[in-house]
Structures are given as C-alpha cells and as structure tokens.
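The next block holds one structure in the form of structure tokens; read it before the comments.
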Amino acid sequence: MNSAFAKTFRSGIQPVEIASALRREIDTKAAVVSRDRIIVPSTFVVHLSGEDATAMHGLGSTLVDELHGLVKDHARAQGYSFAGPVTIALEADDRLATGTLRVDSASSGSGSRMTWQAVVTTGGTRHPLTKARTVIGRGSDADITIGDAGSSRKHAEILWDGDHAMLRDLGSTNGTKLNGTRVREAQLDSGMVITIGRTDLSFQIVPVSAPGRPGGRGDDVTRAFGVSP
C-alpha cells in the first residue's frame, strides 16, 4: 500500500492521529453563517515534536496530499464550506513532546481574515466570552449570573484561549452536566449544552470578521489547560 495512513511507527505520532486531529479541528470550528452555509477554517498548521516531524516528512508529499483529500472529503460529507483555498503544513515545534501535536487553523479568504468568538446563550440572552476565564453561577459576582436555586454562587467556569474552550466545575453542590453527562472538567466544542440545575446554556463558537488579524493562538487543550482532550 502506498497510502501514508498505512505507515506505522514504533513510537510517536501516527499519520491517522493527524487526520483525526484535523477532522476534530474542522468540526470544532464549524459555524453557521447563514441557513445554507456552514463555514470552516481553510488554513491548517500541524505542529509536531522534532522527532515526529522528521518521521512525517520522511513520507514525502504523500501524507500532505492524503490529508488534503481527507479534509475536503470530510467537509463535503458534512456540508461545510471553506473560507479560502485549503492549505496544510507540518512544522516542528521543540516545545512539544514526542507523541503530541497541536493544530492551528485560520480562515483566510480573499482580502479578509476571520477570527472566532465563543458565545454562551441562556434564556434567550447571548453572552460573548471576552475573558480567558468566565465564571457562571448564582452569585452577583459571577460573570454570567443565572437565577437557579440548583446553582452555586460560583458554579462553573469556561476557559477560552481564542481557539479552544474548557469547562470546569468549581466544586459546586449539585454538579455540572455537559450534553447530559456530569463532568468535573471537559473540552467544550461548538454546539454543546451545559446544564446547571435546571438551566441549559448553549455554547457556540461563531465567526467574526477581523480584517488584518493574523489568526488565533491555536494552543492545544493539553498545553493551555493542563488536561488531555
């Protein structure tokens, strides 16, 4: 088999893991901009440890070509639209340990760039997340206040780095649910529902036009928040 996905290595990143990370990045950043259009990033940089980067580059152009095909096939199957030409690059990053990776993504169209805004909606009210740490709870000092007797004063928090989000329960009495499952901390993807007491909060990552912005930070959840995705 000539497929790069058929190659395996004794240790470190496998090609199939890069493919999965790209699909996950696309799904996480997918955002509805109109009834008939869901836009996703079009530029991807896969950061690898030096050892993993050397191994992947040893596969030549085959791996990148197959990743291009996979990304386009996945977008087509999900009904996504790219904001510009699809580009994928593999780069070495000495800060990453062998066996780990990080994906940066951006939407580069003709003449403009797009950044991403996290938004929490509850009771018909939208709350854009403008800080790295947003506290949700019953207390008046919470960033998002909910009038629910089942909520603690400082019930949970959302950590947002401009690209990825993490939900953490703050030791609440009644716990926090994500898509119906009780969690202590978990990665947040667009479209997920946080439940506190009897209150549902919808989490979305939406595109925001930002001409001239060089793109988001794209830190992976492991490095930014100290837990595995």
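Identifiers for the structure tokens are assigned positionally: chains receive A, B, ... in sequence, residues are indexed from 1 per chain, and ligands are indexed from 1 in the order shown.
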Item to complete: For Thr173 of chain A, list every protein, DNA or RNA residue within 12 Å, evaluated using only C-alpha atoms, and leave out those in the same chain fewer than 6 positions away; present the list as a PyMOL selection string.
Response: chain A and resi 137+149-156+184+196-197
Selection file, all heavy atoms, as a compact mmCIF listing (two decimals), in the first residue's frame:
# COMPACT_ATOMS: atom_id res chain seq x y z
N GLY A 137 -22.66 31.30 37.61
CA GLY A 137 -23.21 30.93 38.91
C GLY A 137 -24.36 31.82 39.34
O GLY A 137 -24.78 32.71 38.61
N ALA A 149 -32.00 27.95 41.66
CA ALA A 149 -31.72 27.51 43.03
C ALA A 149 -30.76 26.33 43.07
O ALA A 149 -30.12 26.09 44.10
CB ALA A 149 -33.04 27.14 43.72
N GLY A 150 -30.64 25.62 41.96
CA GLY A 150 -29.73 24.48 41.90
C GLY A 150 -28.30 24.87 41.58
O GLY A 150 -27.43 24.01 41.47
N SER A 151 -28.05 26.16 41.43
CA SER A 151 -26.72 26.64 41.11
C SER A 151 -26.01 27.16 42.35
O SER A 151 -26.62 27.77 43.22
CB SER A 151 -26.81 27.76 40.06
OG SER A 151 -25.56 28.40 39.89
N SER A 152 -24.71 26.91 42.42
CA SER A 152 -23.89 27.50 43.47
C SER A 152 -23.55 28.93 43.07
O SER A 152 -23.72 29.33 41.91
CB SER A 152 -22.61 26.69 43.66
OG SER A 152 -22.90 25.36 44.07
N ARG A 153 -23.05 29.72 44.04
CA ARG A 153 -22.73 31.12 43.75
C ARG A 153 -21.68 31.21 42.64
O ARG A 153 -21.79 32.02 41.73
CB ARG A 153 -22.25 31.83 45.01
CG ARG A 153 -23.34 31.99 46.08
CD ARG A 153 -22.82 32.79 47.26
NE ARG A 153 -22.40 34.13 46.86
CZ ARG A 153 -23.24 35.16 46.69
NH1 ARG A 153 -24.54 34.99 46.89
NH2 ARG A 153 -22.79 36.34 46.34
N LYS A 154 -20.65 30.40 42.76
CA LYS A 154 -19.67 30.27 41.68
C LYS A 154 -19.67 28.80 41.30
O LYS A 154 -19.01 27.98 41.93
CB LYS A 154 -18.28 30.73 42.12
CG LYS A 154 -18.18 32.23 42.33
CD LYS A 154 -16.74 32.66 42.63
CE LYS A 154 -16.64 34.17 42.75
NZ LYS A 154 -15.24 34.62 43.02
N HIS A 155 -20.45 28.46 40.28
CA HIS A 155 -20.77 27.07 39.99
C HIS A 155 -19.75 26.41 39.05
O HIS A 155 -19.24 25.32 39.31
CB HIS A 155 -22.16 26.98 39.37
CG HIS A 155 -22.72 25.61 39.34
ND1 HIS A 155 -23.68 25.17 40.24
CD2 HIS A 155 -22.46 24.54 38.54
CE1 HIS A 155 -23.99 23.91 39.98
NE2 HIS A 155 -23.25 23.50 38.95
N ALA A 156 -19.46 27.09 37.95
CA ALA A 156 -18.57 26.53 36.93
C ALA A 156 -17.87 27.67 36.21
O ALA A 156 -18.25 28.84 36.35
CB ALA A 156 -19.35 25.66 35.94
N ARG A 184 -16.50 16.92 35.65
CA ARG A 184 -15.73 17.83 36.51
C ARG A 184 -15.01 18.85 35.64
O ARG A 184 -14.96 20.03 35.94
CB ARG A 184 -14.72 17.04 37.35
CG ARG A 184 -13.95 17.91 38.35
CD ARG A 184 -13.00 17.08 39.18
NE ARG A 184 -11.93 16.50 38.37
CZ ARG A 184 -10.81 17.16 38.06
NH1 ARG A 184 -10.63 18.41 38.46
NH2 ARG A 184 -9.89 16.57 37.32
N ILE A 196 -26.82 23.45 34.35
CA ILE A 196 -26.58 23.79 35.75
C ILE A 196 -27.93 23.87 36.43
O ILE A 196 -28.76 24.73 36.08
CB ILE A 196 -25.82 25.12 35.88
CG1 ILE A 196 -24.42 24.98 35.28
CG2 ILE A 196 -25.75 25.56 37.33
CD1 ILE A 196 -23.63 26.28 35.28
N GLY A 197 -28.19 22.97 37.37
CA GLY A 197 -29.52 22.90 37.96
C GLY A 197 -30.52 22.54 36.88
O GLY A 197 -30.38 21.53 36.19
Worksheet entry | Every residue of segment 35-179 of chain A that DSSP places in strand (DSSP E or B), as a ChimeraX atom specification | /A:37-40,43-48,80-82,87-92,101-108,113-122,125-128,133-137,144-145,156-160,165-169,176-178
Item to complete: Going by DSSP on the backbone, which bits of segment 13-228 of chain A are helix (DSSP H, G or I)? Write them as an MDAnalysis selection string, please.
Response: chainID A and resid 15:29 50:57 61:78 221:225
Worksheet item: How many Å lie between atom CA of Val46 of chain A and atom CA of Leu63 of chain A, rounded to one decimal?
Response: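 For atom CA of Val46 of chain A relative to atom CA of Leu63 of chain A, the distance reads 12.2 Å.
Distance annotation: of A:Thr199, A:Ser61, A:Val135, A:Asp163, the residue with the minimal separation from Gly180 of chain A is A:Thr199; atom set is only C-alpha atoms.
The protein and nucleic acid residues lying at most 9 Å from Asp189 of chain A are A:Asp27, A:Thr28, A:Lys29, A:His164, A:Ala165, A:Met166, A:Met192, A:Phe203, A:Gln204, A:Ile205, with only C-alpha atoms considered and sequence neighbours fewer than 3 positions away removed.
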Would you output that residue set with N, CA, C and O atoms, as an mmCIF file, in the first residue's frame?
data_model
loop_
_atom_site.group_PDB
_atom_site.id
_atom_site.type_symbol
_atom_site.label_atom_id
_atom_site.label_comp_id
_atom_site.auth_asym_id
_atom_site.auth_seq_id
_atom_site.Cartn_x
_atom_site.Cartn_y
_atom_site.Cartn_z
ATOM 1 N N ASP A 27 -14.517 20.274 12.822
ATOM 2 C CA ASP A 27 -15.826 20.166 13.466
ATOM 3 C C ASP A 27 -15.975 21.187 14.593
ATOM 4 O O ASP A 27 -17.053 21.774 14.774
ATOM 5 N N THR A 28 -14.902 21.400 15.344
ATOM 6 C CA THR A 28 -14.959 22.343 16.459
ATOM 7 C C THR A 28 -15.184 23.765 15.965
ATOM 8 O O THR A 28 -15.922 24.542 16.574
ATOM 9 N N LYS A 29 -14.556 24.107 14.847
ATOM 10 C CA LYS A 29 -14.635 25.480 14.352
ATOM 11 C C LYS A 29 -15.784 25.708 13.371
ATOM 12 O O LYS A 29 -15.971 26.841 12.901
ATOM 13 N N HIS A 164 -9.840 27.386 21.587
ATOM 14 C CA HIS A 164 -10.385 26.220 22.260
ATOM 15 C C HIS A 164 -10.962 26.625 23.611
ATOM 16 O O HIS A 164 -10.555 27.631 24.201
ATOM 17 N N ALA A 165 -11.901 25.812 24.086
ATOM 18 C CA ALA A 165 -12.571 26.111 25.346
ATOM 19 C C ALA A 165 -12.602 24.878 26.238
ATOM 20 O O ALA A 165 -12.634 23.749 25.757
ATOM 21 N N MET A 166 -12.603 25.144 27.544
ATOM 22 C CA MET A 166 -12.665 24.086 28.545
ATOM 23 C C MET A 166 -13.702 24.467 29.600
ATOM 24 O O MET A 166 -13.771 25.626 30.024
ATOM 25 N N MET A 192 -22.354 22.300 22.058
ATOM 26 C CA MET A 192 -22.591 21.563 23.292
ATOM 27 C C MET A 192 -23.508 22.351 24.236
ATOM 28 O O MET A 192 -23.571 23.580 24.177
ATOM 29 N N PHE A 203 -23.387 26.500 24.217
ATOM 30 C CA PHE A 203 -22.066 27.024 23.896
ATOM 31 C C PHE A 203 -21.851 26.974 22.393
ATOM 32 O O PHE A 203 -22.063 25.941 21.764
ATOM 33 N N GLN A 204 -21.429 28.091 21.805
ATOM 34 C CA GLN A 204 -21.182 28.160 20.367
ATOM 35 C C GLN A 204 -19.872 28.886 20.111
ATOM 36 O O GLN A 204 -19.492 29.795 20.863
ATOM 37 N N ILE A 205 -19.185 28.481 19.044
ATOM 38 C CA ILE A 205 -18.041 29.228 18.535
ATOM 39 C C ILE A 205 -18.455 29.770 17.180
ATOM 40 O O ILE A 205 -18.748 29.005 16.257
#
Discussion item. Could you tell me how far atom CA of Gly191 of chain A sits from atom CA of His127 of chain A, in Å to one decimal place?
Written reply: 14.7 Å
Within 8 Å of segment 76-83 of chain A, counting only C-alpha atoms, which residues show up once you throw out same-chain ones fewer than 6 positions away? Write them as a PDB file with N, CA and C atoms, in the first residue's frame, please.
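What follows is the written file out_34.pdb:
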ATOM      1  N   ALA A  30     -16.536  24.667  13.031  1.00  0.00           N
ATOM      2  CA  ALA A  30     -17.657  24.832  12.101  1.00  0.00           C
ATOM      3  C   ALA A  30     -18.675  25.802  12.685  1.00  0.00           C
ATOM      4  N   ARG A  37     -25.230  27.859   4.772  1.00  0.00           N
ATOM      5  CA  ARG A  37     -23.772  27.865   4.732  1.00  0.00           C
ATOM      6  C   ARG A  37     -23.176  27.687   6.122  1.00  0.00           C
ATOM      7  N   ILE A  38     -22.305  26.698   6.227  1.00  0.00           N
ATOM      8  CA  ILE A  38     -21.521  26.459   7.435  1.00  0.00           C
ATOM      9  C   ILE A  38     -20.059  26.627   7.054  1.00  0.00           C
ATOM     10  N   ILE A  39     -19.402  27.596   7.658  1.00  0.00           N
ATOM     11  CA  ILE A  39     -18.037  27.901   7.269  1.00  0.00           C
ATOM     12  C   ILE A  39     -17.045  27.259   8.229  1.00  0.00           C
ATOM     13  N   VAL A  40     -15.909  26.817   7.688  1.00  0.00           N
ATOM     14  CA  VAL A  40     -14.865  26.190   8.491  1.00  0.00           C
ATOM     15  C   VAL A  40     -13.514  26.772   8.086  1.00  0.00           C
ATOM     16  N   PRO A  41     -12.489  26.606   8.938  1.00  0.00           N
ATOM     17  CA  PRO A  41     -11.152  27.108   8.588  1.00  0.00           C
ATOM     18  C   PRO A  41     -10.637  26.454   7.312  1.00  0.00           C
ATOM     19  N   SER A  42      -9.731  27.149   6.662  1.00  0.00           N
ATOM     20  CA  SER A  42      -9.164  26.613   5.414  1.00  0.00           C
ATOM     21  C   SER A  42      -7.651  26.469   5.475  1.00  0.00           C
ATOM     22  N   SER A 107      -9.124  31.072   8.972  1.00  0.00           N
ATOM     23  CA  SER A 107      -9.958  31.200   7.786  1.00  0.00           C
ATOM     24  C   SER A 107      -9.415  32.353   6.971  1.00  0.00           C
ATOM     25  N   SER A 108      -8.744  32.032   5.891  1.00  0.00           N
ATOM     26  CA  SER A 108      -8.127  33.066   5.065  1.00  0.00           C
ATOM     27  C   SER A 108      -8.854  33.175   3.744  1.00  0.00           C
ATOM     28  N   GLY A 109      -9.667  34.174   3.620  1.00  0.00           N
ATOM     29  CA  GLY A 109     -10.389  34.410   2.381  1.00  0.00           C
ATOM     30  C   GLY A 109      -9.657  35.439   1.548  1.00  0.00           C
TER      31      GLY A 109
END
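The interatomic distance for the pair atom CA of Val120 of chain A and atom CA of Leu188 of chain A works out to 11.3 Å.
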Item to complete: Extract, using only C-alpha atoms, all DNA, RNA and protein residues at most 8 Å from segment 12-25 of chain A, discarding same-chain residues fewer than 4 positions from it, and format them as a PyMOL selection string.
Response: chain A and resi 4-5+7-8+29+44+46+51-52+56+63+67+70-71+74+98-101+103+105
Generate a file of the selected residues that holds N, CA and C atoms, formatted as a short mmCIF file (atom, residue, chain, number, x, y, z; two decimals), in the first residue's frame.
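The result, written out as again-v9.cif:
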data_model
loop_
_atom_site.label_atom_id
_atom_site.label_comp_id
_atom_site.auth_asym_id
_atom_site.auth_seq_id
_atom_site.Cartn_x
_atom_site.Cartn_y
_atom_site.Cartn_z
N ALA A 4 -0.07 6.86 2.97
CA ALA A 4 0.68 7.26 4.16
C ALA A 4 0.00 6.76 5.42
N PHE A 5 -1.33 6.60 5.37
CA PHE A 5 -2.05 6.14 6.55
C PHE A 5 -1.74 4.68 6.87
N LYS A 7 1.26 3.56 7.04
CA LYS A 7 2.54 3.54 7.75
C LYS A 7 2.31 3.61 9.25
N THR A 8 3.11 2.88 10.00
CA THR A 8 3.06 2.94 11.46
C THR A 8 4.48 3.08 11.99
N LYS A 29 -14.56 24.11 14.85
CA LYS A 29 -14.64 25.48 14.35
C LYS A 29 -15.78 25.71 13.37
N PHE A 44 -4.39 25.24 7.77
CA PHE A 44 -4.05 24.41 8.91
C PHE A 44 -2.54 24.26 9.03
N VAL A 46 -0.02 21.91 11.35
CA VAL A 46 0.10 20.83 12.32
C VAL A 46 1.48 20.91 12.96
N GLU A 51 11.13 14.98 16.53
CA GLU A 51 11.23 13.58 16.11
C GLU A 51 10.05 13.18 15.24
N ASP A 52 8.85 13.59 15.65
CA ASP A 52 7.67 13.24 14.86
C ASP A 52 7.66 13.97 13.52
N MET A 56 7.32 12.23 9.85
CA MET A 56 6.26 12.55 8.91
C MET A 56 6.83 13.10 7.60
N LEU A 63 1.80 12.15 2.42
CA LEU A 63 0.97 12.40 3.60
C LEU A 63 0.16 13.68 3.44
N LEU A 67 -3.87 14.10 3.34
CA LEU A 67 -4.56 14.93 4.33
C LEU A 67 -5.44 15.97 3.63
N LEU A 70 -8.52 14.11 2.58
CA LEU A 70 -9.35 13.77 3.73
C LEU A 70 -10.12 14.98 4.22
N VAL A 71 -9.44 16.12 4.35
CA VAL A 71 -10.08 17.35 4.83
C VAL A 71 -11.22 17.76 3.89
N HIS A 74 -14.14 15.26 4.15
CA HIS A 74 -14.88 15.44 5.40
C HIS A 74 -15.79 16.66 5.32
N THR A 98 7.37 14.18 22.15
CA THR A 98 7.11 13.15 21.16
C THR A 98 5.76 12.49 21.45
N GLY A 99 4.96 12.34 20.42
CA GLY A 99 3.65 11.72 20.60
C GLY A 99 2.53 12.70 20.81
N THR A 100 2.83 14.01 20.82
CA THR A 100 1.78 15.02 20.97
C THR A 100 1.78 15.93 19.74
N LEU A 101 0.66 16.58 19.50
CA LEU A 101 0.57 17.50 18.37
C LEU A 101 -0.36 18.65 18.72
N VAL A 103 -2.81 21.64 16.48
CA VAL A 103 -3.28 22.13 15.18
C VAL A 103 -3.70 23.59 15.32
N SER A 105 -5.43 26.72 13.18
CA SER A 105 -6.26 26.88 12.00
C SER A 105 -6.69 28.33 11.87
#
Item to complete: Tell me which of A:Leu178, A:Ala97, A:Ile136, A:Ile88 sits closest to Ile158 of chain A, counting only C-alpha atoms.
Response: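 Of all the options, A:Ile136 lies closest to Ile158 of chain A.
Using only C-alpha atoms for every distance, the candidate list A:Thr145, A:Arg126, A:Arg198, A:Ala118 yields A:Ala118 as the residue closest to Leu159 of chain A.
Minimum distance to His57 of chain A across A:Val86, A:Ala92, A:Ala75, A:Val45 (counting only C-alpha atoms) occurs at A:Ala92.
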